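Engineer: A single structure is presented below for examination.
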Amino acid sequence: MSSEWEEDDGESGEREEAAPELVGPRLPSVSGIAWRVYPRRRVSADGLRGTMEHRANVLFGHELPRDPQAGLSFKRTTPAPFQIVPSEFLRRAQRMRPEDPQATVSAFSQWIYSLYASAYGDEEDRERGKAREPLIYQTRLQGQGGVHNGFLRSIGSEWRLIHNGLHMPGQDHVDYFTIDSLRVNGEALRAAPDLIYRHPRFNEVMVVEIKNSWMTIPSNLWPNIWGQLWCYAQLDVARNANRVTVVGEVWGEHKIWVGRGRKREEYESVYLRACERRDPRAPAYDRFFRALFDVYSGRGGI
């Protein structure tokens, strides 16, 4: 959602409030945030630690990732933001209100995606990560969930991972939370965040949602990610925090061949492509997604 979405509302005679900026101040960017799987080689401990330190810096807002996929093309372009007009989006949501809404955050997110799916992208690509082969899947989990408490203690960070909801291989189900303040047909919304971190001294909480995609990524990501994270920001652990940050990440993967002849080797690379963050308590953010949820749950009207 663009930071420039405002228009003249003909019905009220007032201008809509501009959305809060999604892309933060310019920070140092790093491109080497990738986890590689070699058939006969092991990555050195020093190399892995250096990658993890960059991953932690990006996660906690000290660095920005540089999308390796952008370098696969001869023409380098700056990603454009995802543009919507809030009032038009909400009117479309009203017309496409689900007949049988489900009380899960993922269903709400999928419905938001359906409001723009015909014009933008492929959800199957964006969710492809759950169905990949085990080796790639384990590598992705190593990268995405690698900033765990053991690593955080080793670098002297006060942040702690208090929830890891990433789907593990062979796992039948993931524990979920309920959000009593968000209800669908009288049922509390069920939520399964990917990662939740907490800084106990400052009582700060950070919630991370992870997507996997080969698509071109808008500079401010996709609305369904921010809607999903808005729901997670209503969890008790977030509502009771002094400050909440929500983070949307997009990951990718590709195969690379190194060497020639008999020494030619194939390895898989899983890498962080984008990481954007925002404050879910910002009035424009909260008002927009709360209105969308009211439409989804059958309580809102335009």
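Naming works like this for the structure tokens: A, B, ... for the chains as they're shown, residue 1 at the start of each chain, ligands 1 onward in shown order.
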If we count only C-alpha atoms, what is near region 110-117 of chain A at a cut-off of 12 Å, once residues fewer than 4 positions away on the same chain are taken out, given as an MDAnalysis selection string?
Structural biologist: chainID A and resid 1 82:84 88:106 121:124 126:127 222:228 289 291:293 295:297
Engineer: Give me the residues near His163 (chain A) as a PyMOL selection string, where near means some atom within 9 Å (using only C-alpha atoms) and where sequence neighbours in that chain fewer than 6 positions away do not count.
Structural biologist: chain A and resi 193-197
Engineer: Kindly export the residues of the current selection with N, CA, C and O atoms, as a compact mmCIF listing (two decimals), in the first residue's frame.
Structural biologist:
```txt
# COMPACT_ATOMS: atom_id res chain seq x y z
N PRO A 193 1.06 -16.96 14.16
CA PRO A 193 2.16 -16.13 13.65
C PRO A 193 3.39 -16.97 13.36
O PRO A 193 3.59 -18.04 13.95
N ASP A 194 4.25 -16.46 12.47
CA ASP A 194 5.50 -17.17 12.18
C ASP A 194 6.50 -17.00 13.33
O ASP A 194 6.98 -17.98 13.88
N LEU A 195 6.83 -15.76 13.66
CA LEU A 195 7.81 -15.49 14.71
C LEU A 195 7.35 -14.31 15.56
O LEU A 195 6.82 -13.33 15.03
N ILE A 196 7.55 -14.41 16.87
CA ILE A 196 7.30 -13.28 17.77
C ILE A 196 8.53 -13.11 18.66
O ILE A 196 8.99 -14.07 19.30
N TYR A 197 9.07 -11.91 18.67
CA TYR A 197 10.20 -11.56 19.54
C TYR A 197 9.74 -10.54 20.57
O TYR A 197 8.84 -9.74 20.31
```
Engineer: Residues within 12 Å of Asn149 (chain A), please, as a list of chain:residue names. Count only C-alpha atoms; anything in the same chain fewer than 2 positions from it doesn't count.
Structural biologist: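 Skipping anything fewer than 2 positions along the chain leaves A:Ala56, A:Gly145, A:Gly146, A:Val147, A:Phe151, A:Leu152, A:Arg153, A:Ser154, A:Ile155, A:Gly156, A:Ser157, A:Glu158, A:Trp159, A:Arg160, A:Leu161, A:Ile162, A:His163, A:Asn164, A:Ile196, A:Tyr197, A:Arg198, A:His199.
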Engineer: I'd like the neighbourhood of Gly61 (chain A) as a list in words, where a residue qualifies if any of its atoms comes within 9 Å (using only C-alpha atoms), though same-chain residues fewer than 3 positions away should be ignored.
Structural biologist: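 So the residues in contact are Leu27, Ala56, Asn57, Val58, Leu64, Glu276 and Arg277 of chain A.
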Engineer: At a cut-off of 7 Å, using only C-alpha atoms, what residues contact Ala34 (chain A)? Leave out same-chain residues fewer than 3 positions from it and give the result as a list in words.
Structural biologist: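 In the requested form, the answer reads Ser269, Val270, Tyr271 and Leu272 of chain A.
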Engineer: Okay, now the selection with all heavy atoms, as a short mmCIF file (atom, residue, chain, number, x, y, z; two decimals), in the first residue's frame?
Structural biologist:
```
data_model
loop_
_atom_site.label_atom_id
_atom_site.label_comp_id
_atom_site.auth_asym_id
_atom_site.auth_seq_id
_atom_site.Cartn_x
_atom_site.Cartn_y
_atom_site.Cartn_z
N SER A 269 20.17 -22.44 -3.17
CA SER A 269 20.35 -21.22 -2.39
C SER A 269 18.99 -20.70 -1.95
O SER A 269 18.08 -20.56 -2.78
CB SER A 269 21.08 -20.17 -3.23
OG SER A 269 21.26 -18.98 -2.48
N VAL A 270 18.83 -20.46 -0.68
CA VAL A 270 17.64 -19.86 -0.11
C VAL A 270 18.05 -18.51 0.44
O VAL A 270 19.01 -18.42 1.21
CB VAL A 270 17.05 -20.75 1.01
CG1 VAL A 270 15.89 -20.04 1.70
CG2 VAL A 270 16.60 -22.09 0.45
N TYR A 271 17.35 -17.45 0.05
CA TYR A 271 17.85 -16.12 0.41
C TYR A 271 16.72 -15.17 0.75
O TYR A 271 15.57 -15.33 0.31
CB TYR A 271 18.69 -15.54 -0.74
CG TYR A 271 18.01 -15.58 -2.08
CD1 TYR A 271 17.20 -14.54 -2.51
CD2 TYR A 271 18.18 -16.68 -2.92
CE1 TYR A 271 16.58 -14.58 -3.74
CE2 TYR A 271 17.54 -16.74 -4.15
CZ TYR A 271 16.74 -15.68 -4.56
OH TYR A 271 16.11 -15.73 -5.78
N LEU A 272 17.06 -14.18 1.57
CA LEU A 272 16.12 -13.13 1.97
C LEU A 272 16.08 -12.06 0.88
O LEU A 272 17.11 -11.48 0.53
CB LEU A 272 16.56 -12.52 3.30
CG LEU A 272 15.73 -11.37 3.85
CD1 LEU A 272 14.29 -11.83 4.13
CD2 LEU A 272 16.37 -10.82 5.13
#
```
Engineer: Quick check, in Å to one decimal: how far apart do CA of Arg281 (chain A) and CA of Ser109 (chain A) lie?
Structural biologist: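 CA of Arg281 (chain A) sits 18.5 Å away from CA of Ser109 (chain A).
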Engineer: Which neighbours of Tyr176 (chain A) fall inside 7 Å, counting only C-alpha atoms, when residues of the same chain fewer than 5 positions from it are skipped, and could you give them as a PyMOL selection string?
Structural biologist: chain A and resi 190-192
Engineer: DSSP on the backbone, then: every residue of region 53-237 of chain A marked strand (DSSP E), written as an MDAnalysis selection string.
Structural biologist: chainID A and resid 64:65 160:164 177:184 187:191 195:199 204:212
Engineer: Considering only alpha helix (DSSP H) as DSSP defines it on the backbone, what residues of region 41-279 of chain A qualify? List them as an NGL selection string.
Structural biologist: :A and (45-59 or 86-95 or 105-114 or 123-126 or 134-144 or 149-154 or 223-232 or 236-239)
Engineer: Can you work out the spacing between CA of Val237 (chain A) and CA of Tyr285 (chain A) in Å, to one decimal?
Structural biologist: 19.3 Å
Engineer: What does the distance from CA of Cys275 (chain A) to CA of Val250 (chain A) come to in Å, to one decimal?
Structural biologist: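 Separation of CA of Cys275 (chain A) and CA of Val250 (chain A): 6.6 Å.
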